[in-house]
Each structure stands twice: as C-alpha cells, then as structure tokens.
file final.cif (mmCIF, C-alpha atoms)
data_target
#
loop_
_atom_site.label_atom_id
_atom_site.label_comp_id
_atom_site.auth_asym_id
_atom_site.auth_seq_id
_atom_site.Cartn_x
_atom_site.Cartn_y
_atom_site.Cartn_z
CA MET R 219 12.13 15.42 -2.38
CA PHE R 220 11.44 11.68 -2.09
CA THR R 221 14.40 11.35 0.27
CA LEU R 222 12.96 14.03 2.55
CA PHE R 223 9.55 12.36 2.31
CA LYS R 224 11.02 9.04 3.49
CA LYS R 225 12.93 10.85 6.23
CA GLU R 226 9.69 12.38 7.53
CA ILE R 227 7.88 9.02 7.48
CA ASN R 228 10.76 7.34 9.29
CA GLY R 229 10.83 10.21 11.78
CA PHE R 230 7.18 9.58 12.64
CA LEU R 231 7.62 5.84 12.98
CA ASP R 232 11.04 5.80 14.67
CA SER R 233 9.83 8.18 17.39
CA LEU R 234 6.67 6.11 17.95
CA ILE R 235 4.56 9.18 17.15
CA GLY R 236 3.02 7.45 14.14
CA TYR R 237 2.16 4.30 16.07
CA ILE R 238 0.75 6.26 18.99
CA VAL R 239 -1.44 8.40 16.71
CA ILE R 240 -2.84 5.37 14.91
CA PHE R 241 -3.39 3.48 18.17
CA VAL R 242 -5.11 6.41 19.90
CA PHE R 243 -7.33 7.03 16.87
CA LEU R 244 -8.42 3.39 16.66
CA LEU R 245 -8.84 3.08 20.43
CA MET R 246 -11.02 6.16 20.79
CA ILE R 247 -13.20 5.30 17.80
CA GLY R 248 -13.44 1.65 18.90
CA LEU R 249 -14.52 2.56 22.43
CA PHE R 250 -17.29 4.82 21.18
CA LEU R 251 -18.50 2.35 18.55
CA TRP R 252 -18.39 -0.87 20.56
CA VAL R 253 -17.95 -0.23 24.31
CA PHE R 254 -19.41 3.02 25.64
CA PRO R 255 -23.22 2.86 26.03
CA MET R 256 -23.93 5.89 23.86
CA GLN R 257 -25.88 6.71 20.72
CA PHE R 258 -22.85 5.77 18.62
CA ASN R 259 -22.65 2.23 20.02
CA ILE R 260 -23.39 -0.10 17.12
CA LEU R 261 -24.52 -3.04 19.25
CA ASP R 262 -26.88 -0.92 21.39
CA PHE R 263 -28.25 1.00 18.43
CA GLY R 264 -29.44 -2.18 16.75
CA PHE R 265 -28.67 -1.13 13.17
CA ALA R 266 -25.67 -2.16 11.09
CA ASN R 267 -24.17 1.17 10.05
CA LEU R 268 -20.97 3.15 10.51
CA ASP R 269 -22.48 6.61 10.94
CA GLY R 270 -20.82 6.91 14.35
CA LEU R 271 -17.36 6.45 12.84
CA PHE R 272 -17.82 9.28 10.36
CA ILE R 273 -19.37 11.59 12.95
CA LEU R 274 -16.64 11.03 15.55
CA ALA R 275 -13.55 10.73 13.34
CA PRO R 276 -13.36 14.42 12.32
CA PHE R 277 -13.32 15.50 15.98
CA VAL R 278 -10.60 12.95 16.79
CA PHE R 279 -8.61 14.16 13.76
CA LEU R 280 -9.08 17.69 15.07
CA PHE R 281 -6.56 16.88 17.81
CA LEU R 282 -4.50 14.05 16.37
CA ILE R 283 -3.52 15.62 13.06
CA PRO R 284 -2.19 18.82 14.71
CA ALA R 285 -0.22 16.51 17.00
CA ILE R 286 1.31 14.87 13.92
CA THR R 287 2.16 18.09 12.12
CA MET R 288 3.15 20.38 14.99
CA ARG R 289 6.82 19.39 14.79
CA SER R 290 7.11 19.56 10.98
CA PHE R 291 8.70 23.00 10.82
CA ALA R 292 8.56 24.17 14.44
CA ASP R 293 11.11 21.55 15.48
CA GLU R 294 13.30 22.41 12.49
CA ARG R 295 13.24 26.10 13.42
CA LYS R 296 13.94 25.50 17.09
CA SER R 297 16.84 23.12 16.47
CA GLY R 298 18.28 25.32 13.73
CA THR R 299 18.13 22.57 11.12
CA LEU R 300 15.69 24.45 8.89
CA GLU R 301 18.52 26.56 7.45
CA LEU R 302 20.52 23.39 6.82
CA LEU R 303 17.53 21.79 5.14
CA MET R 304 17.10 24.79 2.87
CA THR R 305 20.70 24.48 1.66
CA GLN R 306 19.80 21.15 0.08
CA PRO R 307 19.02 21.08 -3.67
CA LEU R 308 15.30 21.43 -2.97
CA THR R 309 12.90 24.28 -3.59
CA ASP R 310 10.70 25.59 -0.80
CA ILE R 311 7.61 24.02 -2.34
CA GLN R 312 9.35 20.62 -2.54
CA VAL R 313 10.19 20.77 1.16
CA VAL R 314 6.59 21.70 2.00
CA LEU R 315 5.13 18.97 -0.20
CA ALA R 316 7.45 16.32 1.24
CA LYS R 317 6.28 17.08 4.77
CA PHE R 318 2.68 17.42 3.62
CA PHE R 319 2.58 14.04 1.87
CA ALA R 320 4.27 12.37 4.83
CA GLY R 321 1.44 13.60 7.04
CA VAL R 322 -1.15 12.45 4.50
CA VAL R 323 0.36 8.94 4.39
CA LEU R 324 0.14 8.69 8.17
CA VAL R 325 -3.54 9.72 8.03
CA MET R 326 -4.16 7.01 5.42
CA PHE R 327 -2.42 4.45 7.64
CA SER R 328 -4.74 5.40 10.49
CA LEU R 329 -7.83 4.94 8.31
CA LEU R 330 -6.91 1.55 6.85
CA PRO R 331 -7.43 -0.46 10.09
CA THR R 332 -10.95 0.96 10.41
CA LEU R 333 -11.89 -1.35 7.54
CA ILE R 334 -12.09 -3.96 10.30
CA TYR R 335 -15.09 -2.04 11.64
CA PHE R 336 -16.62 -2.05 8.17
CA ILE R 337 -16.15 -5.81 7.81
CA SER R 338 -17.62 -6.39 11.29
CA VAL R 339 -20.71 -4.29 10.59
CA TYR R 340 -21.05 -5.92 7.17
CA ARG R 341 -21.16 -9.34 8.84
CA LEU R 342 -23.54 -8.17 11.58
CA GLY R 343 -26.15 -7.00 9.09
CA LEU R 344 -29.35 -9.01 8.69
CA PRO R 345 -28.92 -10.32 6.10
CA PRO R 346 -25.12 -9.93 6.00
CA GLY R 347 -24.16 -7.06 3.74
CA ASN R 348 -27.33 -5.08 4.39
CA LEU R 349 -25.47 -1.76 4.29
CA ASP R 350 -25.50 1.44 2.27
CA ILE R 351 -22.12 0.69 0.70
CA GLY R 352 -22.15 3.81 -1.46
CA ALA R 353 -22.65 6.12 1.51
CA ILE R 354 -19.89 4.35 3.46
CA TRP R 355 -17.32 4.67 0.69
CA GLY R 356 -18.36 8.25 0.10
CA SER R 357 -17.83 8.91 3.79
CA TYR R 358 -14.39 7.31 3.67
CA ILE R 359 -13.40 9.47 0.72
CA GLY R 360 -14.76 12.54 2.49
CA LEU R 361 -12.90 11.64 5.68
CA LEU R 362 -9.66 11.19 3.73
CA PHE R 363 -10.00 14.60 2.09
CA LEU R 364 -10.88 16.14 5.45
CA GLY R 365 -7.70 14.62 6.89
CA ILE R 366 -5.67 15.94 3.94
CA THR R 367 -7.04 19.44 4.53
CA PHE R 368 -6.25 19.24 8.25
CA VAL R 369 -2.68 18.18 7.40
CA SER R 370 -2.21 21.23 5.16
CA ILE R 371 -3.51 23.48 7.97
CA GLY R 372 -1.23 21.77 10.50
CA ILE R 373 1.82 22.16 8.25
CA PHE R 374 1.09 25.87 7.86
CA SER R 375 0.63 26.31 11.62
CA SER R 376 3.97 24.63 12.25
CA SER R 377 5.69 26.95 9.78
CA ILE R 378 4.74 30.15 11.62
CA SER R 379 6.13 29.24 15.05
CA ASP R 380 9.23 27.61 16.50
CA ASN R 381 7.23 26.29 19.46
CA GLN R 382 5.47 22.95 18.94
CA ILE R 383 2.79 23.64 21.56
CA VAL R 384 1.95 27.00 19.97
CA SER R 385 1.79 25.33 16.56
CA PHE R 386 -0.48 22.64 18.00
CA ILE R 387 -2.89 25.21 19.46
CA ILE R 388 -2.93 27.29 16.26
CA ALA R 389 -3.60 24.19 14.18
CA ILE R 390 -6.49 23.06 16.39
CA THR R 391 -8.02 26.54 16.30
CA LEU R 392 -7.76 26.84 12.51
CA CYS R 393 -9.00 23.29 11.91
CA PHE R 394 -11.99 23.80 14.20
CA PHE R 395 -12.87 27.10 12.54
CA MET R 396 -12.59 25.60 9.06
CA TYR R 397 -14.65 22.59 10.11
CA MET R 398 -17.38 24.16 12.28
CA GLY R 399 -16.82 27.93 12.33
CA PHE R 400 -18.62 28.84 9.12
CA GLU R 401 -21.54 26.60 10.03
CA LEU R 402 -21.82 28.28 13.44
CA ILE R 403 -21.85 31.67 11.73
CA TYR R 404 -24.65 30.45 9.46
CA THR R 405 -26.60 28.98 12.38
CA PHE R 406 -26.39 31.85 14.86
CA ILE R 407 -25.63 35.00 12.86
CA LEU R 408 -26.61 34.83 9.21
CA SER R 409 -29.44 33.20 7.30
CA GLY R 410 -30.82 33.10 3.79
CA THR R 411 -28.61 33.14 0.70
CA ALA R 412 -25.72 34.92 2.41
CA GLY R 413 -25.77 32.37 5.21
CA LEU R 414 -25.72 29.46 2.77
CA ILE R 415 -22.71 30.96 1.00
CA ILE R 416 -20.91 31.32 4.32
CA GLU R 417 -21.80 27.75 5.28
CA SER R 418 -20.42 26.46 1.98
CA LEU R 419 -17.01 27.91 2.89
CA GLY R 420 -16.71 25.42 5.76
CA ILE R 421 -15.41 21.86 5.60
CA ASN R 422 -18.42 20.28 7.30
CA ALA R 423 -20.87 21.19 4.52
CA HIS R 424 -18.74 19.44 1.90
CA TYR R 425 -17.85 16.52 4.16
CA THR R 426 -21.54 15.94 4.91
CA SER R 427 -22.34 16.11 1.21
CA MET R 428 -19.77 13.42 0.37
CA SER R 429 -21.01 11.26 3.26
CA ARG R 430 -24.28 10.77 1.39
CA GLY R 431 -22.39 8.66 -1.14
CA VAL R 432 -22.47 11.19 -3.96
CA ILE R 433 -19.01 12.43 -4.95
CA ASP R 434 -19.66 15.92 -6.26
CA THR R 435 -16.91 17.62 -8.26
CA ARG R 436 -17.57 20.84 -6.33
CA ASP R 437 -16.73 19.12 -3.04
CA LEU R 438 -13.48 17.70 -4.45
CA ILE R 439 -12.51 21.10 -5.85
CA TYR R 440 -13.22 22.67 -2.45
CA PHE R 441 -10.95 20.28 -0.54
CA ILE R 442 -8.17 20.51 -3.12
CA SER R 443 -8.40 24.31 -3.20
CA VAL R 444 -8.27 24.74 0.59
CA SER R 445 -5.34 22.32 0.87
CA ALA R 446 -3.51 24.12 -1.96
CA LEU R 447 -4.17 27.48 -0.27
CA PHE R 448 -2.57 26.41 3.01
CA ILE R 449 0.34 24.76 1.20
CA LEU R 450 0.92 28.06 -0.62
CA LEU R 451 0.70 29.97 2.68
CA THR R 452 3.27 27.58 4.15
CA LYS R 453 5.59 28.25 1.21
CA LEU R 454 5.18 32.00 1.71
CA SER R 455 5.87 31.57 5.43
CA LEU R 456 9.15 29.81 4.65
CA GLU R 457 10.09 32.45 2.10
CA SER R 458 9.54 35.19 4.68
CA ARG R 459 12.75 34.07 6.41
CA LYS R 460 14.62 35.64 3.46
CA TRP R 461 12.93 39.02 3.83
#
call {"tool": "encode", "arguments": {"input": "final.cif", "output": "structure tokens"}}
result
Amino acid sequence: MFTLFKKEINGFLDSLIGYIVIFVFLLMIGLFLWVFPMQFNILDFGFANLDGLFILAPFVFLFLIPAITMRSFADERKSGTLELLMTQPLTDIQVVLAKFFAGVVLVMFSLLPTLIYFISVYRLGLPPGNLDIGAIWGSYIGLLFLGITFVSIGIFSSSISDNQIVSFIIAITLCFFMYMGFELIYTFILSGTAGLIIESLGINAHYTSMSRGVIDTRDLIYFISVSALFILLTKLSLESRKW
C-alpha cells in the first residue's frame, strides 16, 4: 500500500500536476487577499484578519481538488492498468486508501505555504499579534477536513467513469452539493427544525462552526463519516467490476 501511495505522490509531482495545483491555489488566494480591490483585500479592509482566506479557499478547492483526483481511477480504467493494479497483493480498500491519502497529502502541501499569509497578517496587526489565533487555527483545521472530504468525493467520482473530464464534472457537482446544496435547500425551501436538520447535513455548516475556533466533536465526526462513506462507495464501485 505504501508503495502505491508513493507512486501516486510521485505521479502528481513528476507530471507537474501537484506543482500547478499548489501554485494556482496560492496565486488565486494571494490575488484576492493582497491585490484585487475587493472586500477580501487585507490592506484595503484595514483589519488584520484572514477571514478572506477561509471564505475563498473552499471555492478554490471546489475546482482544484477534482482536478487532482479526476485521474485517480479514470486514467487507470482508460489505459487498462486498473486490472493490472488489482492483480497486485493489495485489497480494494488498500488501493482506494493509497490514492485517497496521496490526494490528502497534496492538499496539505497546498495549505502549508498559506502560513506565510498568517505570518504577514500577524506582523501587520497593531500591535503585532493582535489576531484571534484560536479562530484562525480552527479555520485551518476546518479547511483541512473540508479538503479531505472533497478528496474522498473526487476519488469516488473518478472510480465511476473512465473519462477524466466526466469525473471532474461529477466531482465538482457532488462537492458543490455537499458544500452548499443542503444550505440552499434550508434557505429557499425548508425552515424550522426540519430545515436545520437538512442544513446540518451540509459541509458548510460544520466548516463554519469550526471556523469560530471551537473544535466540536460532532463536526469532526461529520467530516470523518462523510469521507468514510465516499471511500466505502469507491470500494463498492471497484468491486462492481467483478459482478
């Protein structure tokens, strides 16, 4: 399993996909935070905070993570190497987890350089360090779990098609629905207790909760459960080739 994990990581980096994803993520976030004259611009806003990063990052991940994961199984199916891979002494779940963790590592690599933004804002505060550190770290943890969930969705989407573009579109659709769909249902269709239950099924409610700096066990269980669900669905998708 570890060998396959390393192969996936090297595949990302050798093909420049990993570098491009990290660069595009940092570039887009950096432009909105420091260059474009918008509400997210830290210098124009006049307050030392990173709210813009944690508002924008999920929408950037919405496209970049499907771009990372779209080739995971789709490329294997199209090239015919999936059957060869399955002849290796690995179980289906080990294959899925190896590709899943490779995607997660790439997401973590993309988040690490954003600490530069944190250090910059920390120094810009008056006095320096005048930040809500708890909320920022809670937001980082929430963003990491959001990325992990998106990776699991992307892996599943790649397992149900042998076309990378189709997998990409399916992943974006599913990620958007999981992130915003339930909240839209709550906002425009349902209200009251039923609406709140529906809203709690979406990623955004739990991500927003963690962004306040309070790490609630219920939010962690939610992210782990959704990720585990899509990993299980991916395993079932691979097993369907035997039916």
call {"tool": "resolve_selection", "arguments": {"input": "final.cif", "expression": "the PyMOL selection byres ((chain R and resi 438) around 12)", "output": "PDB file with C-alpha atoms, in the coordinates of the input"}}
result
ATOM      1  CA  GLY R 356     -18.360   8.250   0.100  1.00  0.00           C
ATOM      2  CA  ILE R 359     -13.400   9.470   0.720  1.00  0.00           C
ATOM      3  CA  GLY R 360     -14.760  12.540   2.490  1.00  0.00           C
ATOM      4  CA  LEU R 361     -12.900  11.640   5.680  1.00  0.00           C
ATOM      5  CA  LEU R 362      -9.660  11.190   3.730  1.00  0.00           C
ATOM      6  CA  PHE R 363     -10.000  14.600   2.090  1.00  0.00           C
ATOM      7  CA  LEU R 364     -10.880  16.140   5.450  1.00  0.00           C
ATOM      8  CA  ILE R 366      -5.670  15.940   3.940  1.00  0.00           C
ATOM      9  CA  THR R 367      -7.040  19.440   4.530  1.00  0.00           C
ATOM     10  CA  ILE R 421     -15.410  21.860   5.600  1.00  0.00           C
ATOM     11  CA  HIS R 424     -18.740  19.440   1.900  1.00  0.00           C
ATOM     12  CA  TYR R 425     -17.850  16.520   4.160  1.00  0.00           C
ATOM     13  CA  SER R 427     -22.340  16.110   1.210  1.00  0.00           C
ATOM     14  CA  MET R 428     -19.770  13.420   0.370  1.00  0.00           C
ATOM     15  CA  VAL R 432     -22.470  11.190  -3.960  1.00  0.00           C
ATOM     16  CA  ILE R 433     -19.010  12.430  -4.950  1.00  0.00           C
ATOM     17  CA  ASP R 434     -19.660  15.920  -6.260  1.00  0.00           C
ATOM     18  CA  THR R 435     -16.910  17.620  -8.260  1.00  0.00           C
ATOM     19  CA  ARG R 436     -17.570  20.840  -6.330  1.00  0.00           C
ATOM     20  CA  ASP R 437     -16.730  19.120  -3.040  1.00  0.00           C
ATOM     21  CA  ILE R 439     -12.510  21.100  -5.850  1.00  0.00           C
ATOM     22  CA  TYR R 440     -13.220  22.670  -2.450  1.00  0.00           C
ATOM     23  CA  PHE R 441     -10.950  20.280  -0.540  1.00  0.00           C
ATOM     24  CA  ILE R 442      -8.170  20.510  -3.120  1.00  0.00           C
ATOM     25  CA  SER R 443      -8.400  24.310  -3.200  1.00  0.00           C
ATOM     26  CA  VAL R 444      -8.270  24.740   0.590  1.00  0.00           C
ATOM     27  CA  SER R 445      -5.340  22.320   0.870  1.00  0.00           C
TER      28      SER R 445
END
call {"tool": "atom_distance", "arguments": {"input": "final.cif", "atom1": "atom CA of Leu274 of chain R", "atom2": "atom CA of Ser376 of chain R"}}
result
24.9 Å
call {"tool": "resolve_selection", "arguments": {"input": "final.cif", "expression": "the PyMOL selection byres ((chain R and resi 308-320) around 9)", "output": "JSON, numbers by chain"}}
result
{"R": [219, 220, 221, 222, 223, 224, 225, 226, 227, 230, 287, 290, 291, 303, 304, 305, 306, 307, 321, 322, 323, 324, 325, 366, 369, 370, 373, 449, 450, 452, 453, 454, 456, 457]}
call {"tool": "closest_residue", "arguments": {"input": "final.cif", "among": "R:Cys393, R:Ile387, R:Leu330, R:Asn267", "to": "Asn348 of chain R", "atoms": "all atoms listed in the file"}}
result
R:Asn267
call {"tool": "residues_around", "arguments": {"input": "final.cif", "residues": "segment 239-245 of chain R", "least_positions_apart": "3", "cutoff": "10 Å", "atoms": "only C-alpha atoms", "output": "ChimeraX atom specification"}}
result
/R:230,234-236,248-251,275,278-279,281-283,285-286,324-332,335
call {"tool": "closest_residue", "arguments": {"input": "final.cif", "among": "R:Leu271, R:Leu342, R:Ile371, R:Ile416", "to": "Phe394 of chain R", "atoms": "all atoms listed in the file"}}
result
R:Ile371
call {"tool": "closest_residue", "arguments": {"input": "final.cif", "among": "R:Leu333, R:Leu402, R:Ala292, R:Ile415", "to": "Gly372 of chain R", "atoms": "all atoms listed in the file"}}
result
R:Ala292
call {"tool": "closest_residue", "arguments": {"input": "final.cif", "among": "R:Leu268, R:Thr391, R:Met246, R:Met396", "to": "Phe336 of chain R", "atoms": "all atoms listed in the file"}}
result
R:Leu268
call {"tool": "resolve_selection", "arguments": {"input": "final.cif", "expression": "the PyMOL selection byres ((chain R and resi 293-297) around 10)", "output": "list in words"}}
result
Met288, Arg289, Ser290, Phe291, Ala292, Gly298, Thr299, Leu300, Glu301, Leu302, Leu303, Ser376, Ser377, Ile378, Ser379, Asp380, Asn381 and Gln382 of chain R
call {"tool": "write_last_selection", "arguments": {"input": "final.cif", "atoms": "C-alpha atoms", "output": "PDB file, keeping the file's coordinate frame"}}
result
ATOM      1  CA  MET R 288       3.150  20.380  14.990  1.00  0.00           C
ATOM      2  CA  ARG R 289       6.820  19.390  14.790  1.00  0.00           C
ATOM      3  CA  SER R 290       7.110  19.560  10.980  1.00  0.00           C
ATOM      4  CA  PHE R 291       8.700  23.000  10.820  1.00  0.00           C
ATOM      5  CA  ALA R 292       8.560  24.170  14.440  1.00  0.00           C
ATOM      6  CA  GLY R 298      18.280  25.320  13.730  1.00  0.00           C
ATOM      7  CA  THR R 299      18.130  22.570  11.120  1.00  0.00           C
ATOM      8  CA  LEU R 300      15.690  24.450   8.890  1.00  0.00           C
ATOM      9  CA  GLU R 301      18.520  26.560   7.450  1.00  0.00           C
ATOM     10  CA  LEU R 302      20.520  23.390   6.820  1.00  0.00           C
ATOM     11  CA  LEU R 303      17.530  21.790   5.140  1.00  0.00           C
ATOM     12  CA  SER R 376       3.970  24.630  12.250  1.00  0.00           C
ATOM     13  CA  SER R 377       5.690  26.950   9.780  1.00  0.00           C
ATOM     14  CA  ILE R 378       4.740  30.150  11.620  1.00  0.00           C
ATOM     15  CA  SER R 379       6.130  29.240  15.050  1.00  0.00           C
ATOM     16  CA  ASP R 380       9.230  27.610  16.500  1.00  0.00           C
ATOM     17  CA  ASN R 381       7.230  26.290  19.460  1.00  0.00           C
ATOM     18  CA  GLN R 382       5.470  22.950  18.940  1.00  0.00           C
TER      19      GLN R 382
END
call {"tool": "atom_distance", "arguments": {"input": "final.cif", "atom1": "atom CA of Ile403 of chain R", "atom2": "atom CA of Phe448 of chain R"}}
result
21.8 Å
call {"tool": "decode", "arguments": {"input": "final.cif", "residues": "segment 228-343 of chain R", "atoms": "C-alpha atoms", "output": "compact mmCIF listing (two decimals), in the first residue's frame"}}
result
# COMPACT_ATOMS: atom_id res chain seq x y z
CA ASN R 228 5.40 10.86 -7.49
CA GLY R 229 2.82 10.75 -10.28
CA PHE R 230 1.41 14.09 -9.15
CA LEU R 231 4.81 15.72 -8.80
CA ASP R 232 6.50 14.19 -11.86
CA SER R 233 3.67 15.34 -14.13
CA LEU R 234 3.76 18.85 -12.65
CA ILE R 235 0.10 18.49 -11.65
CA GLY R 236 0.97 18.83 -7.98
CA TYR R 237 3.08 21.94 -8.51
CA ILE R 238 0.48 23.54 -10.76
CA VAL R 239 -2.32 22.89 -8.26
CA ILE R 240 -0.34 24.38 -5.38
CA PHE R 241 0.76 27.37 -7.48
CA VAL R 242 -2.74 28.11 -8.79
CA PHE R 243 -4.22 27.82 -5.29
CA LEU R 244 -1.67 30.21 -3.79
CA LEU R 245 -1.88 32.61 -6.73
CA MET R 246 -5.66 32.88 -6.69
CA ILE R 247 -5.85 33.29 -2.91
CA GLY R 248 -2.94 35.76 -2.93
CA LEU R 249 -4.51 37.93 -5.62
CA PHE R 250 -7.79 38.18 -3.75
CA LEU R 251 -6.14 38.84 -0.38
CA TRP R 252 -3.48 41.34 -1.43
CA VAL R 253 -4.04 42.67 -4.97
CA PHE R 254 -7.65 42.86 -6.14
CA PRO R 255 -9.52 45.85 -4.63
CA MET R 256 -12.32 43.79 -3.12
CA GLN R 257 -13.83 43.16 0.30
CA PHE R 258 -11.32 40.35 0.86
CA ASN R 259 -8.29 42.61 0.36
CA ILE R 260 -6.50 42.73 3.70
CA LEU R 261 -4.72 46.04 3.07
CA ASP R 262 -7.89 47.83 1.90
CA PHE R 263 -10.04 46.35 4.65
CA GLY R 264 -7.84 47.83 7.35
CA PHE R 265 -8.10 44.93 9.80
CA ALA R 266 -5.52 42.21 10.38
CA ASN R 267 -7.51 39.02 9.81
CA LEU R 268 -7.57 36.05 7.46
CA ASP R 269 -11.33 35.70 7.03
CA GLY R 270 -10.96 36.15 3.28
CA LEU R 271 -8.67 33.12 3.02
CA PHE R 272 -11.15 30.83 4.72
CA ILE R 273 -14.10 32.18 2.74
CA LEU R 274 -12.37 31.86 -0.64
CA ALA R 275 -10.37 28.65 -0.16
CA PRO R 276 -13.35 26.24 -0.20
CA PHE R 277 -14.49 27.60 -3.58
CA VAL R 278 -10.96 27.29 -4.99
CA PHE R 279 -10.76 23.73 -3.62
CA LEU R 280 -14.10 23.08 -5.30
CA PHE R 281 -12.28 23.09 -8.65
CA LEU R 282 -8.71 22.22 -7.77
CA ILE R 283 -9.31 19.06 -5.77
CA PRO R 284 -11.46 17.45 -8.51
CA ALA R 285 -8.62 18.34 -10.89
CA ILE R 286 -6.23 16.42 -8.62
CA THR R 287 -8.41 13.36 -8.21
CA MET R 288 -10.04 13.06 -11.64
CA ARG R 289 -7.27 10.82 -12.99
CA SER R 290 -7.02 8.55 -9.92
CA PHE R 291 -9.12 5.71 -11.30
CA ALA R 292 -10.43 7.14 -14.57
CA ASP R 293 -6.94 7.11 -16.09
CA GLU R 294 -6.33 3.58 -14.77
CA ARG R 295 -9.57 2.37 -16.36
CA LYS R 296 -8.94 4.06 -19.68
CA SER R 297 -5.37 2.80 -20.00
CA GLY R 298 -6.31 -0.68 -18.84
CA THR R 299 -3.87 -0.63 -15.93
CA LEU R 300 -6.60 -0.95 -13.30
CA GLU R 301 -6.83 -4.71 -13.88
CA LEU R 302 -3.05 -4.96 -13.60
CA LEU R 303 -3.13 -2.95 -10.39
CA MET R 304 -5.76 -5.24 -8.92
CA THR R 305 -3.54 -8.29 -9.52
CA GLN R 306 -1.07 -6.89 -7.01
CA PRO R 307 -1.16 -8.25 -3.43
CA LEU R 308 -3.43 -5.41 -2.34
CA THR R 309 -7.07 -5.38 -1.31
CA ASP R 310 -9.51 -2.98 -2.93
CA ILE R 311 -9.67 -0.84 0.20
CA GLN R 312 -5.86 -0.57 0.30
CA VAL R 313 -5.80 0.68 -3.28
CA VAL R 314 -8.52 3.24 -2.50
CA LEU R 315 -6.80 4.43 0.67
CA ALA R 316 -3.43 4.78 -1.07
CA LYS R 317 -4.92 7.09 -3.69
CA PHE R 318 -7.00 8.89 -1.07
CA PHE R 319 -4.05 9.65 1.22
CA ALA R 320 -1.95 10.78 -1.73
CA GLY R 321 -4.62 13.36 -2.54
CA VAL R 322 -4.81 14.42 1.10
CA VAL R 323 -1.03 14.95 1.26
CA LEU R 324 -1.19 17.19 -1.79
CA VAL R 325 -3.96 19.25 -0.16
CA MET R 326 -1.80 19.61 2.95
CA PHE R 327 1.14 20.75 0.81
CA SER R 328 -1.07 23.43 -0.73
CA LEU R 329 -2.13 24.71 2.70
CA LEU R 330 1.33 24.90 4.26
CA PRO R 331 2.56 27.90 2.20
CA THR R 332 -0.50 29.91 3.28
CA LEU R 333 1.17 30.17 6.68
CA ILE R 334 3.11 32.98 5.00
CA TYR R 335 -0.17 34.91 4.86
CA PHE R 336 -0.73 34.19 8.55
CA ILE R 337 2.74 35.45 9.47
CA SER R 338 2.24 38.58 7.33
CA VAL R 339 -1.10 39.42 8.92
CA TYR R 340 0.34 38.66 12.36
CA ARG R 341 3.08 41.22 11.75
CA LEU R 342 0.67 43.78 10.29
CA GLY R 343 -1.51 43.80 13.38
